[in-house]
file final_22.cif (mmCIF, C-alpha atoms and all ligand atoms)
data_query
#
loop_
_atom_site.group_PDB
_atom_site.id
_atom_site.type_symbol
_atom_site.label_atom_id
_atom_site.label_comp_id
_atom_site.auth_asym_id
_atom_site.auth_seq_id
_atom_site.Cartn_x
_atom_site.Cartn_y
_atom_site.Cartn_z
ATOM 1 C CA MET H 284 -6.031 26.052 0.994
ATOM 2 C CA GLY H 285 -9.781 26.071 1.367
ATOM 3 C CA LYS H 286 -10.352 27.285 4.914
ATOM 4 C CA VAL H 287 -13.848 25.941 5.256
ATOM 5 C CA ALA H 288 -12.997 22.905 3.132
ATOM 6 C CA ARG H 289 -10.492 21.905 5.795
ATOM 7 C CA GLN H 290 -12.619 22.964 8.745
ATOM 8 C CA VAL H 291 -15.564 20.775 7.748
ATOM 9 C CA VAL H 292 -13.300 17.745 7.510
ATOM 10 C CA GLU H 293 -11.731 18.485 10.885
ATOM 11 C CA GLN H 294 -15.101 19.026 12.447
ATOM 12 C CA ALA H 295 -16.306 15.680 11.117
ATOM 13 C CA GLY H 296 -13.636 14.083 13.325
ATOM 14 C CA ILE H 297 -10.838 13.462 10.848
ATOM 15 C CA GLU H 298 -7.269 14.258 11.810
ATOM 16 C CA VAL H 299 -6.502 16.244 8.691
ATOM 17 C CA ASN H 300 -2.728 15.959 9.027
ATOM 18 C CA VAL H 301 -2.974 12.171 9.218
ATOM 19 C CA LEU H 302 -5.206 12.168 6.154
ATOM 20 C CA LEU H 303 -2.836 14.508 4.332
ATOM 21 C CA ASP H 304 0.072 12.214 5.103
ATOM 22 C CA LYS H 305 -1.851 9.331 3.535
ATOM 23 C CA LEU H 306 -2.769 11.405 0.479
ATOM 24 C CA VAL H 307 0.815 12.555 -0.077
ATOM 25 C CA ARG H 308 2.049 8.964 0.272
ATOM 26 C CA ALA H 309 -0.599 7.788 -2.173
ATOM 27 C CA ALA H 310 0.368 10.521 -4.641
ATOM 28 C CA GLY H 311 4.026 9.519 -4.215
ATOM 29 C CA ALA H 312 3.201 5.902 -4.994
ATOM 30 C CA GLU H 313 1.323 6.959 -8.143
ATOM 31 C CA PHE H 314 4.210 9.104 -9.298
ATOM 32 C CA THR H 315 6.892 6.459 -8.713
ATOM 33 C CA THR H 316 4.687 3.754 -10.228
ATOM 34 C CA PHE H 317 4.239 5.886 -13.349
ATOM 35 C CA TYR H 318 8.031 5.978 -13.607
ATOM 36 C CA TYR H 319 8.572 2.256 -13.014
ATOM 37 C CA TYR H 320 5.715 1.232 -15.289
ATOM 38 C CA THR H 321 7.390 3.198 -18.065
ATOM 39 C CA ILE H 322 10.413 0.906 -17.735
ATOM 40 C CA LEU H 323 8.204 -2.173 -17.553
ATOM 41 C CA ARG H 324 6.236 -1.156 -20.629
ATOM 42 C CA VAL H 325 9.394 -0.507 -22.615
ATOM 43 C CA ASN H 326 10.596 -3.997 -21.730
ATOM 44 C CA ALA H 327 7.327 -5.755 -22.544
ATOM 45 C CA ILE H 328 8.488 -7.209 -25.875
ATOM 46 C CA GLY H 329 8.353 -10.515 -27.706
ATOM 47 C CA PHE H 330 5.392 -12.877 -28.085
ATOM 48 C CA ASP H 331 4.185 -12.463 -24.509
ATOM 49 C CA GLY H 332 5.329 -8.922 -23.939
ATOM 50 C CA GLU H 333 3.600 -7.268 -26.862
ATOM 51 C CA GLY H 334 0.212 -8.408 -25.628
ATOM 52 C CA LEU H 335 0.952 -7.052 -22.193
ATOM 53 C CA LYS H 336 2.274 -3.726 -23.387
ATOM 54 C CA GLU H 337 -1.081 -2.076 -23.951
ATOM 55 C CA ILE H 338 -2.407 -3.036 -20.543
ATOM 56 C CA ILE H 339 0.704 -1.672 -18.844
ATOM 57 C CA GLU H 340 0.240 1.540 -20.796
ATOM 58 C CA ASP H 341 -3.369 1.908 -19.610
ATOM 59 C CA ALA H 342 -2.360 1.316 -16.006
ATOM 60 C CA ARG H 343 0.655 3.598 -16.349
ATOM 61 C CA ILE H 344 -1.295 6.566 -17.728
ATOM 62 C CA GLU H 345 -4.100 6.062 -15.245
ATOM 63 C CA ASP H 346 -1.626 6.071 -12.363
ATOM 64 C CA ARG H 347 -0.325 9.387 -13.613
ATOM 65 C CA ASN H 348 -3.934 10.561 -13.727
ATOM 66 C CA HIS H 349 -4.337 9.477 -10.105
ATOM 67 C CA PHE H 350 -1.386 11.648 -9.174
ATOM 68 C CA GLU H 351 -2.949 14.561 -11.067
ATOM 69 C CA ALA H 352 -6.294 14.076 -9.368
ATOM 70 C CA LEU H 353 -4.870 13.743 -5.834
ATOM 71 C CA THR H 354 -2.668 16.823 -5.971
ATOM 72 C CA PRO H 355 -5.376 19.534 -5.890
ATOM 73 C CA ARG H 356 -7.080 17.819 -2.952
ATOM 74 C CA ILE H 357 -3.804 17.833 -0.996
ATOM 75 C CA TYR H 358 -3.466 21.594 -1.443
ATOM 76 C CA GLU H 359 -7.146 22.271 -0.765
ATOM 77 C CA LEU H 360 -6.761 20.636 2.617
ATOM 78 C CA GLY H 361 -3.717 22.755 3.426
ATOM 79 C CA GLY H 362 -1.084 20.166 2.551
ATOM 80 C CA ALA H 363 1.719 20.250 -0.002
ATOM 81 C CA LEU H 364 3.864 17.954 -2.088
ATOM 82 C CA PRO H 365 7.416 17.592 -0.713
ATOM 83 C CA ARG H 366 9.722 20.268 -2.068
ATOM 84 C CA ASP H 367 12.388 17.689 -2.898
ATOM 85 C CA ILE H 368 11.403 14.883 -5.251
ATOM 86 C CA ARG H 369 13.814 12.507 -3.475
ATOM 87 C CA GLY H 370 11.847 12.994 -0.300
ATOM 88 C CA PHE H 371 8.665 12.392 -2.269
ATOM 89 C CA ALA H 372 9.958 9.055 -3.564
ATOM 90 C CA ASP H 373 10.964 8.101 -0.015
ATOM 91 C CA VAL H 374 7.488 8.629 1.409
ATOM 92 C CA ALA H 375 5.743 6.875 -1.488
ATOM 93 C CA GLY H 376 3.181 4.584 0.105
ATOM 94 C CA CYS H 377 3.952 1.490 -1.979
ATOM 95 C CA PRO H 378 7.253 -0.238 -2.776
ATOM 96 C CA ASP H 379 9.049 0.481 -6.043
ATOM 97 C CA ALA H 380 7.921 -1.694 -8.961
ATOM 98 C CA TYR H 381 11.366 -2.756 -10.171
ATOM 99 C CA LEU H 382 12.061 -4.380 -13.499
ATOM 100 C CA PRO H 383 12.782 -8.085 -12.767
ATOM 101 C CA SER H 384 16.397 -9.340 -12.923
ATOM 102 C CA ASN H 385 15.489 -11.092 -16.147
ATOM 103 C CA PRO H 386 13.546 -8.450 -18.069
ATOM 104 C CA ARG H 387 12.350 -11.077 -20.576
ATOM 105 C CA ASP H 388 10.586 -13.035 -17.842
ATOM 106 C CA MET H 389 7.006 -11.841 -18.429
ATOM 107 C CA LYS H 390 5.607 -13.915 -15.569
ATOM 108 C CA ALA H 391 7.960 -12.146 -13.149
ATOM 109 C CA MET H 392 6.959 -8.811 -14.669
ATOM 110 C CA LEU H 393 3.284 -9.638 -14.243
ATOM 111 C CA ASN H 394 3.863 -10.452 -10.607
ATOM 112 C CA VAL H 395 5.464 -7.047 -10.089
ATOM 113 C CA LEU H 396 2.476 -5.412 -11.773
ATOM 114 C CA VAL H 397 -0.247 -7.317 -9.963
ATOM 115 C CA GLU H 398 1.384 -6.789 -6.561
ATOM 116 C CA ALA H 399 1.760 -3.054 -7.216
ATOM 117 C CA GLU H 400 -1.943 -2.837 -8.024
ATOM 118 C CA ARG H 401 -2.835 -4.813 -4.916
ATOM 119 C CA CYS H 402 -0.885 -2.337 -2.842
ATOM 120 C CA ALA H 403 -2.870 0.462 -4.492
ATOM 121 C CA VAL H 404 -6.173 -1.302 -3.803
ATOM 122 C CA ARG H 405 -5.282 -1.563 -0.108
ATOM 123 C CA THR H 406 -4.154 2.080 -0.025
ATOM 124 C CA TYR H 407 -7.415 3.505 -1.394
ATOM 125 C CA THR H 408 -9.568 1.114 0.598
ATOM 126 C CA GLU H 409 -7.889 2.513 3.698
ATOM 127 C CA ILE H 410 -8.504 6.117 2.599
ATOM 128 C CA CYS H 411 -12.133 5.321 1.753
ATOM 129 C CA ASN H 412 -12.630 3.696 5.159
ATOM 130 C CA MET H 413 -11.106 6.714 6.874
ATOM 131 C CA THR H 414 -13.152 9.326 5.011
ATOM 132 C CA PHE H 415 -16.489 7.557 4.512
ATOM 133 C CA GLY H 416 -19.363 9.700 5.752
ATOM 134 C CA LYS H 417 -16.940 12.412 6.921
ATOM 135 C CA ASP H 418 -14.879 13.895 4.131
ATOM 136 C CA HIS H 419 -17.176 13.545 1.135
ATOM 137 C CA ARG H 420 -14.856 15.012 -1.460
ATOM 138 C CA THR H 421 -11.782 12.944 -0.563
ATOM 139 C CA TYR H 422 -13.972 9.861 -0.265
ATOM 140 C CA ASP H 423 -15.455 10.427 -3.710
ATOM 141 C CA LEU H 424 -11.987 10.870 -5.203
ATOM 142 C CA ALA H 425 -10.437 7.878 -3.390
ATOM 143 C CA LEU H 426 -13.377 5.727 -4.455
ATOM 144 C CA ALA H 427 -12.975 6.770 -8.097
ATOM 145 C CA ILE H 428 -9.287 5.839 -7.939
ATOM 146 C CA LEU H 429 -10.128 2.584 -6.166
ATOM 147 C CA HIS H 430 -12.446 1.609 -9.041
ATOM 148 C CA GLU H 431 -9.555 1.930 -11.459
ATOM 149 C CA GLU H 432 -7.026 0.163 -9.211
ATOM 150 C CA VAL H 433 -9.384 -2.785 -8.857
ATOM 151 C CA GLU H 434 -9.638 -2.942 -12.639
ATOM 152 C CA HIS H 435 -5.847 -2.779 -12.998
ATOM 153 C CA GLU H 436 -5.429 -5.649 -10.560
ATOM 154 C CA ALA H 437 -8.030 -7.679 -12.460
ATOM 155 C CA TRP H 438 -6.276 -7.150 -15.815
ATOM 156 C CA PHE H 439 -2.907 -8.383 -14.589
ATOM 157 C CA SER H 440 -4.472 -11.165 -12.578
ATOM 158 C CA GLU H 441 -6.344 -12.268 -15.693
ATOM 159 C CA TYR H 442 -3.101 -12.262 -17.642
ATOM 160 C CA LEU H 443 -1.629 -14.556 -15.001
ATOM 161 C CA THR H 444 -4.678 -16.787 -15.700
ATOM 162 C CA GLU H 445 -5.877 -16.461 -12.122
ATOM 163 C CA GLY H 446 -9.368 -15.844 -13.525
ATOM 164 C CA PRO H 447 -11.251 -13.619 -15.986
ATOM 165 C CA SER H 448 -11.457 -9.891 -15.276
ATOM 166 C CA GLY H 449 -14.795 -9.523 -17.036
ATOM 167 C CA HIS H 450 -13.547 -6.281 -18.631
ATOM 168 C CA PHE H 451 -12.697 -5.613 -22.212
ATOM 169 C CA ARG H 452 -10.339 -2.744 -22.947
ATOM 170 C CA ARG H 453 -10.085 1.024 -22.745
ATOM 171 C CA GLY H 454 -11.056 2.894 -25.937
ATOM 172 C CA THR H 455 -7.818 4.865 -25.898
ATOM 173 C CA PRO H 456 -4.855 4.334 -23.541
ATOM 174 C CA GLY H 457 -5.412 5.446 -19.960
ATOM 175 C CA THR H 458 -8.902 6.929 -20.325
ATOM 176 C CA SER H 459 -9.561 6.854 -16.566
ATOM 177 C CA PRO H 460 -13.333 6.344 -16.822
ATOM 178 C CA TYR H 461 -13.798 7.030 -13.107
ATOM 179 C CA VAL H 462 -11.111 9.590 -12.287
ATOM 180 C CA ARG H 463 -11.553 11.776 -15.387
ATOM 181 C CA ARG H 464 -14.083 14.043 -13.764
ATOM 182 C CA PHE H 465 -11.566 14.998 -11.068
ATOM 183 C CA MET H 466 -8.998 16.128 -13.598
ATOM 184 C CA SER H 467 -10.728 19.433 -14.099
ATOM 185 C CA ALA H 468 -7.657 21.218 -15.481
ATOM 186 C CA ASP H 469 -6.972 18.610 -18.159
ATOM 187 C CA ILE H 470 -10.430 18.084 -19.518
ATOM 188 C CA GLY H 471 -12.493 20.884 -20.949
ATOM 189 C CA MET L 104 11.651 -17.030 29.617
ATOM 190 C CA ALA L 105 9.962 -14.077 31.245
ATOM 191 C CA LEU L 106 6.327 -13.787 30.341
ATOM 192 C CA GLN L 107 4.895 -10.327 30.586
ATOM 193 C CA LYS L 108 1.219 -9.451 30.760
ATOM 194 C CA LEU L 109 0.469 -7.093 27.883
ATOM 195 C CA ALA L 110 -3.265 -6.810 27.362
ATOM 196 C CA ARG L 111 -6.707 -8.330 27.719
ATOM 197 C CA VAL L 112 -7.801 -10.376 24.690
ATOM 198 C CA GLU L 113 -10.855 -8.154 24.190
ATOM 199 C CA GLU L 114 -8.526 -5.255 23.414
ATOM 200 C CA ILE L 115 -7.476 -6.999 20.188
ATOM 201 C CA PRO L 116 -10.529 -8.530 18.492
ATOM 202 C CA PRO L 117 -10.052 -10.956 15.577
ATOM 203 C CA GLY L 118 -8.617 -9.223 12.513
ATOM 204 C CA ARG L 119 -7.150 -6.350 14.559
ATOM 205 C CA THR L 120 -3.719 -5.328 15.792
ATOM 206 C CA LYS L 121 -2.463 -3.278 18.733
ATOM 207 C CA PHE L 122 0.858 -1.564 19.227
ATOM 208 C CA PHE L 123 2.696 -1.366 22.581
ATOM 209 C CA ARG L 124 5.719 0.555 23.774
ATOM 210 C CA LEU L 125 7.493 -1.062 26.745
ATOM 211 C CA GLY L 126 10.517 1.011 27.683
ATOM 212 C CA SER L 127 12.952 0.562 24.826
ATOM 213 C CA LYS L 128 10.977 -2.304 23.287
ATOM 214 C CA THR L 129 7.980 -2.225 21.016
ATOM 215 C CA VAL L 130 5.536 -5.014 20.275
ATOM 216 C CA VAL L 131 2.600 -5.410 17.979
ATOM 217 C CA LEU L 132 -0.095 -7.922 18.842
ATOM 218 C CA ALA L 133 -2.154 -9.347 15.989
ATOM 219 C CA ASN L 134 -5.265 -11.451 16.348
ATOM 220 C CA ARG L 135 -5.730 -13.639 13.305
ATOM 221 C CA ALA L 136 -9.063 -15.464 13.559
ATOM 222 C CA GLY L 137 -8.727 -15.911 17.311
ATOM 223 C CA GLN L 138 -5.044 -16.835 17.267
ATOM 224 C CA MET L 139 -2.829 -14.210 18.903
ATOM 225 C CA TYR L 140 0.630 -13.362 17.533
ATOM 226 C CA ALA L 141 3.295 -11.011 18.929
ATOM 227 C CA LEU L 142 5.917 -9.407 16.723
ATOM 228 C CA GLN L 143 8.537 -6.715 16.974
ATOM 229 C CA GLY L 144 6.810 -3.343 16.772
ATOM 230 C CA ILE L 145 9.285 -1.618 14.476
ATOM 231 C CA CYS L 146 9.200 -2.227 10.744
ATOM 232 C CA PRO L 147 12.729 -3.077 9.528
ATOM 233 C CA HIS L 148 12.133 -1.286 6.233
ATOM 234 C CA ARG L 149 12.680 2.248 7.560
ATOM 235 C CA ASN L 150 12.386 1.607 11.298
ATOM 236 C CA ASN L 151 8.934 3.097 11.632
ATOM 237 C CA PRO L 152 6.468 1.912 14.281
ATOM 238 C CA LEU L 153 3.854 -0.641 13.248
ATOM 239 C CA GLU L 154 1.230 1.414 15.021
ATOM 240 C CA GLY L 155 -2.058 1.209 13.126
ATOM 241 C CA ALA L 156 -0.882 -1.774 11.065
ATOM 242 C CA ILE L 157 -3.742 -3.514 9.307
ATOM 243 C CA LEU L 158 -4.166 -7.278 9.232
ATOM 244 C CA TRP L 159 -5.229 -8.788 5.905
ATOM 245 C CA ASP L 160 -5.742 -12.457 6.681
ATOM 246 C CA HIS L 161 -2.303 -13.586 7.949
ATOM 247 C CA LEU L 162 -0.437 -10.576 6.562
ATOM 248 C CA LEU L 163 0.423 -7.579 8.685
ATOM 249 C CA ASP L 164 0.469 -4.436 6.558
ATOM 250 C CA CYS L 165 2.844 -1.664 7.642
ATOM 251 C CA PRO L 166 1.063 1.699 7.419
ATOM 252 C CA TRP L 167 4.137 3.545 6.107
ATOM 253 C CA HIS L 168 4.959 1.901 2.770
ATOM 254 C CA HIS L 169 2.665 -1.139 2.895
ATOM 255 C CA PHE L 170 5.300 -3.815 3.360
ATOM 256 C CA GLN L 171 3.582 -7.023 4.460
ATOM 257 C CA TYR L 172 4.717 -9.582 7.046
ATOM 258 C CA ASP L 173 3.418 -13.074 7.741
ATOM 259 C CA VAL L 174 2.316 -12.941 11.385
ATOM 260 C CA ARG L 175 3.010 -16.665 11.804
ATOM 261 C CA THR L 176 6.696 -16.419 10.928
ATOM 262 C CA GLY L 177 7.559 -12.716 10.816
ATOM 263 C CA GLU L 178 8.846 -13.162 7.240
ATOM 264 C CA ASN L 179 8.395 -10.357 4.765
ATOM 265 C CA HIS L 180 5.861 -11.384 2.134
ATOM 266 C CA PHE L 181 5.647 -8.212 0.050
ATOM 267 C CA PRO L 182 7.732 -6.794 -1.592
ATOM 268 C CA ARG L 183 10.187 -9.680 -1.005
ATOM 269 C CA ASN L 184 8.099 -11.690 -3.504
ATOM 270 C CA VAL L 185 8.824 -9.170 -6.259
ATOM 271 C CA TYR L 186 12.110 -7.469 -5.378
ATOM 272 C CA PRO L 187 14.796 -8.465 -7.899
ATOM 273 C CA ALA L 188 17.627 -10.590 -6.505
ATOM 274 C CA ASP L 189 20.254 -8.715 -8.501
ATOM 275 C CA LEU L 190 19.797 -5.557 -6.408
ATOM 276 C CA PRO L 191 21.245 -6.796 -3.093
ATOM 277 C CA ARG L 192 20.656 -3.537 -1.208
ATOM 278 C CA LEU L 193 16.930 -4.188 -1.503
ATOM 279 C CA GLN L 194 17.265 -7.459 0.389
ATOM 280 C CA GLU L 195 18.204 -5.493 3.506
ATOM 281 C CA GLN L 196 14.843 -3.761 3.395
ATOM 282 C CA VAL L 197 12.901 -7.005 3.501
ATOM 283 C CA ARG L 198 14.301 -8.510 6.670
ATOM 284 C CA PRO L 199 11.822 -10.418 8.860
ATOM 285 C CA LEU L 200 10.109 -9.159 11.990
ATOM 286 C CA LYS L 201 11.180 -10.823 15.217
ATOM 287 C CA THR L 202 8.401 -12.976 16.634
ATOM 288 C CA TYR L 203 7.658 -13.491 20.352
ATOM 289 C CA ARG L 204 6.022 -16.381 22.143
ATOM 290 C CA VAL L 205 2.444 -15.632 23.240
ATOM 291 C CA GLU L 206 0.213 -17.279 25.825
ATOM 292 C CA VAL L 207 -3.378 -16.410 26.547
ATOM 293 C CA LYS L 208 -4.412 -17.275 30.090
ATOM 294 C CA GLU L 209 -7.806 -16.401 31.537
ATOM 295 C CA GLY L 210 -8.291 -13.662 28.994
ATOM 296 C CA ASP L 211 -4.875 -12.096 29.566
ATOM 297 C CA VAL L 212 -2.288 -11.950 26.793
ATOM 298 C CA TRP L 213 1.232 -12.810 28.001
ATOM 299 C CA VAL L 214 4.266 -12.293 25.815
ATOM 300 C CA ASP L 215 7.826 -13.539 26.208
ATOM 301 C CA LEU L 216 9.972 -10.650 25.047
ATOM 302 C CA GLU L 217 13.288 -12.525 25.310
HETATM 303 S S1 LIG H 501 8.569 1.468 7.361
HETATM 304 FE FE1 LIG H 501 7.223 -0.210 7.192
HETATM 305 S S2 LIG H 501 6.923 -0.336 5.100
HETATM 306 FE FE2 LIG H 501 8.329 1.245 5.248
HETATM 307 FE FE FE H 502 -2.998 4.408 -9.279
HETATM 308 FE FE FE H 503 -2.948 1.153 -10.762
#
call {"tool": "encode", "arguments": {"input": "final_22.cif", "output": "structure tokens", "more": "lines below"}}
Ligand code: FES
Ligand SMILES: [Fe+2]
Ligand SMILES: [Fe+2]
result
Amino acid sequence: MGKVARQVVEQAGIEVNVLLDKLVRAAGAEFTTFYYYTILRVNAIGFDGEGLKEIIEDARIEDRNHFEALTPRIYELGGALPRDIRGFADVAGCPDAYLPSNPRDMKAMLNVLVEAERCAVRTYTEICNMTFGKDHRTYDLALAILHEEVEHEAWFSEYLTEGPSGHFRRGTPGTSPYVRRFMSADIG
Amino acid sequence: MALQKLARVEEIPPGRTKFFRLGSKTVVLANRAGQMYALQGICPHRNNPLEGAILWDHLLDCPWHHFQYDVRTGENHFPRNVYPADLPRLQEQVRPLKTYRVEVKEGDVWVDLE
């Protein structure tokens, strides 16, 4: 834990334990989503599925990156990940992104994906609102993640023909253009 | 039909919610664009209080796992819209919130908790 790192956040008027609870829940949602998106990606086959596969992979890897980027901040503030992974899955801040009953129904799969991203967008908006002007480091991190979640939502929404995302594609899968700089252990 | 005075309207501005504990009962008031709604204050997902729930348009967002309820009907919107029907145990998690009748009289919010 960073003693002063926590103190400055407390002194700015943030209830650090409430914030930590939100960060752990967010990390839990990233971790479980990474798992469920693996199953979704595997099942994205056929004419429609193959096109979707790459986008799911980008979102899947970036969600794992979000987990990686959140974890150090949780410990810096004096928090911890639950010791039991079952407990971690239970506190995950967004519902599980289950494979649809008919795994070949790509529209149903897209709905699962877009709704999961929308839940993430709401989650990080909430954390940004809570930390804005008070906890600069968590805010910066939550904002970086929010940028990527908004892009994920736009990709799946575009695929559902709700409207263009305006984006093209990642150079390599799951590049995390915004969150990369927080993954200081992974990137030299 | 026993109306109970719960709050002043100013306490719950448009777009906001407020949680109340009344003995063994809990209620959450939600003001959607000037229209007041009262719903059961415990989220049926894991029985956590809807204290601090955020209103996104007509959807009440539970702070614990972000399940969303339509304030007009109490029905679960998300994740009911994506949970697969072939996993029946999940359907239990997406039960609706009970809704209560609300009246606003002279700036006071009255709720019928029957
Ligand atoms: S307790 Fe409300 S979403 Fe889980
Ligand atoms: Fe994410
Ligand atoms: Fe995402």
call {"tool": "interface_residues", "arguments": {"input": "final_22.cif", "of": "chain L", "to": "chain H", "cutoff": "6 Å", "atoms": "all atoms listed in the file", "output": "PyMOL selection string"}}
result
chain L and resi 168-169+185+187+189
call {"tool": "atom_distance", "arguments": {"input": "final_22.cif", "atom1": "CA of Arg119 in chain L", "atom2": "CA of Arg135 in chain L"}}
result
7.5 Å
call {"tool": "atom_distance", "arguments": {"input": "final_22.cif", "atom1": "CA of Arg343 in chain H", "atom2": "CA of Phe317 in chain H"}}
result
5.2 Å
call {"tool": "residues_around", "arguments": {"input": "final_22.cif", "residues": "range 457-468 of chain H", "least_positions_apart": "2", "cutoff": "8 Å", "atoms": "all atoms listed in the file", "output": "mmCIF file with C-alpha atoms, keeping the file's coordinate frame"}}
result
data_model
loop_
_atom_site.group_PDB
_atom_site.id
_atom_site.type_symbol
_atom_site.label_atom_id
_atom_site.label_comp_id
_atom_site.auth_asym_id
_atom_site.auth_seq_id
_atom_site.Cartn_x
_atom_site.Cartn_y
_atom_site.Cartn_z
ATOM 1 C CA GLU H 340 0.240 1.540 -20.796
ATOM 2 C CA ASP H 341 -3.369 1.908 -19.610
ATOM 3 C CA ALA H 342 -2.360 1.316 -16.006
ATOM 4 C CA ARG H 343 0.655 3.598 -16.349
ATOM 5 C CA ILE H 344 -1.295 6.566 -17.728
ATOM 6 C CA GLU H 345 -4.100 6.062 -15.245
ATOM 7 C CA ASN H 348 -3.934 10.561 -13.727
ATOM 8 C CA HIS H 349 -4.337 9.477 -10.105
ATOM 9 C CA GLU H 351 -2.949 14.561 -11.067
ATOM 10 C CA ALA H 352 -6.294 14.076 -9.368
ATOM 11 C CA LEU H 424 -11.987 10.870 -5.203
ATOM 12 C CA ALA H 427 -12.975 6.770 -8.097
ATOM 13 C CA ILE H 428 -9.287 5.839 -7.939
ATOM 14 C CA HIS H 430 -12.446 1.609 -9.041
ATOM 15 C CA GLU H 431 -9.555 1.930 -11.459
ATOM 16 C CA ARG H 453 -10.085 1.024 -22.745
ATOM 17 C CA GLY H 454 -11.056 2.894 -25.937
ATOM 18 C CA THR H 455 -7.818 4.865 -25.898
ATOM 19 C CA ILE H 470 -10.430 18.084 -19.518
ATOM 20 C CA GLY H 471 -12.493 20.884 -20.949
#
call {"tool": "residues_around", "arguments": {"input": "final_22.cif", "residues": "Val287 in chain H", "least_positions_apart": "3", "cutoff": "12 Å", "atoms": "only C-alpha atoms", "output": "list in words"}}
result
Met284, Gln290, Val291, Val292, Glu293, Gln294, Glu359, Leu360 and Gly361 of chain H
call {"tool": "residues_near_ligand", "arguments": {"input": "final_22.cif", "ligand": "ligand LIG 501 (chain H)", "cutoff": "9 Å", "atoms": "all atoms listed in the file", "output": "JSON, numbers by chain"}}
result
{"H": [374, 376, 377, 378], "L": [145, 146, 147, 148, 149, 150, 151, 152, 153, 164, 165, 166, 167, 168, 169, 170, 171, 196]}
call {"tool": "write_last_selection", "arguments": {"input": "final_22.cif", "atoms": "C-alpha atoms", "output": "JSON list (two decimals), keeping the file's coordinate frame"}}
result
[["chain", "number", "residue", "atom", "x", "y", "z"],
["H", 374, "VAL", "CA", 7.49, 8.63, 1.41],
["H", 376, "GLY", "CA", 3.18, 4.58, 0.10],
["H", 377, "CYS", "CA", 3.95, 1.49, -1.98],
["H", 378, "PRO", "CA", 7.25, -0.24, -2.78],
["L", 145, "ILE", "CA", 9.28, -1.62, 14.48],
["L", 146, "CYS", "CA", 9.20, -2.23, 10.74],
["L", 147, "PRO", "CA", 12.73, -3.08, 9.53],
["L", 148, "HIS", "CA", 12.13, -1.29, 6.23],
["L", 149, "ARG", "CA", 12.68, 2.25, 7.56],
["L", 150, "ASN", "CA", 12.39, 1.61, 11.30],
["L", 151, "ASN", "CA", 8.93, 3.10, 11.63],
["L", 152, "PRO", "CA", 6.47, 1.91, 14.28],
["L", 153, "LEU", "CA", 3.85, -0.64, 13.25],
["L", 164, "ASP", "CA", 0.47, -4.44, 6.56],
["L", 165, "CYS", "CA", 2.84, -1.66, 7.64],
["L", 166, "PRO", "CA", 1.06, 1.70, 7.42],
["L", 167, "TRP", "CA", 4.14, 3.54, 6.11],
["L", 168, "HIS", "CA", 4.96, 1.90, 2.77],
["L", 169, "HIS", "CA", 2.66, -1.14, 2.90],
["L", 170, "PHE", "CA", 5.30, -3.82, 3.36],
["L", 171, "GLN", "CA", 3.58, -7.02, 4.46],
["L", 196, "GLN", "CA", 14.84, -3.76, 3.40]]
call {"tool": "resolve_selection", "arguments": {"input": "final_22.cif", "expression": "the PyMOL selection byres (((not hetatm)) within 6 of (chain H and resi 503))", "output": "JSON, numbers by chain"}}
result
{"H": [342, 346, 400, 432, 435]}
call {"tool": "residues_around", "arguments": {"input": "final_22.cif", "residues": "Lys201 in chain L", "least_positions_apart": "5", "cutoff": "7 Å", "atoms": "all atoms listed in the file", "output": "list in words"}}
result
Leu142, Gln143 and Gly177 of chain L
call {"tool": "closest_residue", "arguments": {"input": "final_22.cif", "among": "H:Lys390, H:Thr414, H:Arg401, H:Ile297", "to": "ligand FE 502 (chain H)", "atoms": "only C-alpha atoms and all ligand atoms"}}
result
H:Arg401
call {"tool": "resolve_selection", "arguments": {"input": "final_22.cif", "expression": "the PyMOL selection byres (((chain H and resi 326) around 9) and not hetatm)", "output": "list in words"}}
result
Thr321, Ile322, Leu323, Arg324, Val325, Ala327, Ile328, Gly332, Lys336, Leu382, Pro386 and Arg387 of chain H
call {"tool": "closest_residue", "arguments": {"input": "final_22.cif", "among": "H:Ala363, H:Cys411, H:Glu436, H:Ile368", "to": "ligand FE 502 (chain H)", "atoms": "only C-alpha atoms and all ligand atoms"}}
result
H:Glu436
call {"tool": "resolve_selection", "arguments": {"input": "final_22.cif", "expression": "the PyMOL selection byres (((chain L and resi 133) around 8) and not hetatm)", "output": "ChimeraX atom specification"}}
result
/L:115,118-121,131-132,134-135,139-141,158,163,174
call {"tool": "residues_around", "arguments": {"input": "final_22.cif", "residues": "Leu216 in chain L", "least_positions_apart": "2", "cutoff": "10 Å", "atoms": "only C-alpha atoms", "output": "list in words"}}
result
Met104, Ala105, Leu106, Gln107, Lys128, Thr129, Val130, Ala141, Leu142, Gln143, Lys201, Thr202, Tyr203, Arg204, Val205, Trp213 and Val214 of chain L
call {"tool": "atom_distance", "arguments": {"input": "final_22.cif", "atom1": "CA of Thr316 in chain H", "atom2": "CA of Arg289 in chain H"}}
result
28.6 Å
call {"tool": "closest_residue", "arguments": {"input": "final_22.cif", "among": "H:Gly311, H:Gly449, H:Gly370, H:Gly416", "to": "ligand FE 502 (chain H)", "atoms": "only C-alpha atoms and all ligand atoms"}}
result
H:Gly311
call {"tool": "residues_around", "arguments": {"input": "final_22.cif", "residues": "Leu303 in chain H", "least_positions_apart": "4", "cutoff": "8 Å", "atoms": "only C-alpha atoms", "output": "list in words"}}
result
Val299, Val307, Ile357, Leu360 and Gly362 of chain H
call {"tool": "closest_residue", "arguments": {"input": "final_22.cif", "among": "H:Leu353, H:Ala295, H:Ala372, H:Ile338", "to": "ligand FE 502 (chain H)", "atoms": "all atoms listed in the file"}}
result
H:Leu353
call {"tool": "axis_aligned_box", "arguments": {"input": "final_22.cif", "around": "range 422-432 of chain H", "padding_each_side": "4 Å", "output": "AutoDock Vina command-line options"}}
result
--center_x -11.2 --center_y 5.5 --center_z -5.9 --size_x 16.4 --size_y 18.7 --size_z 19.2
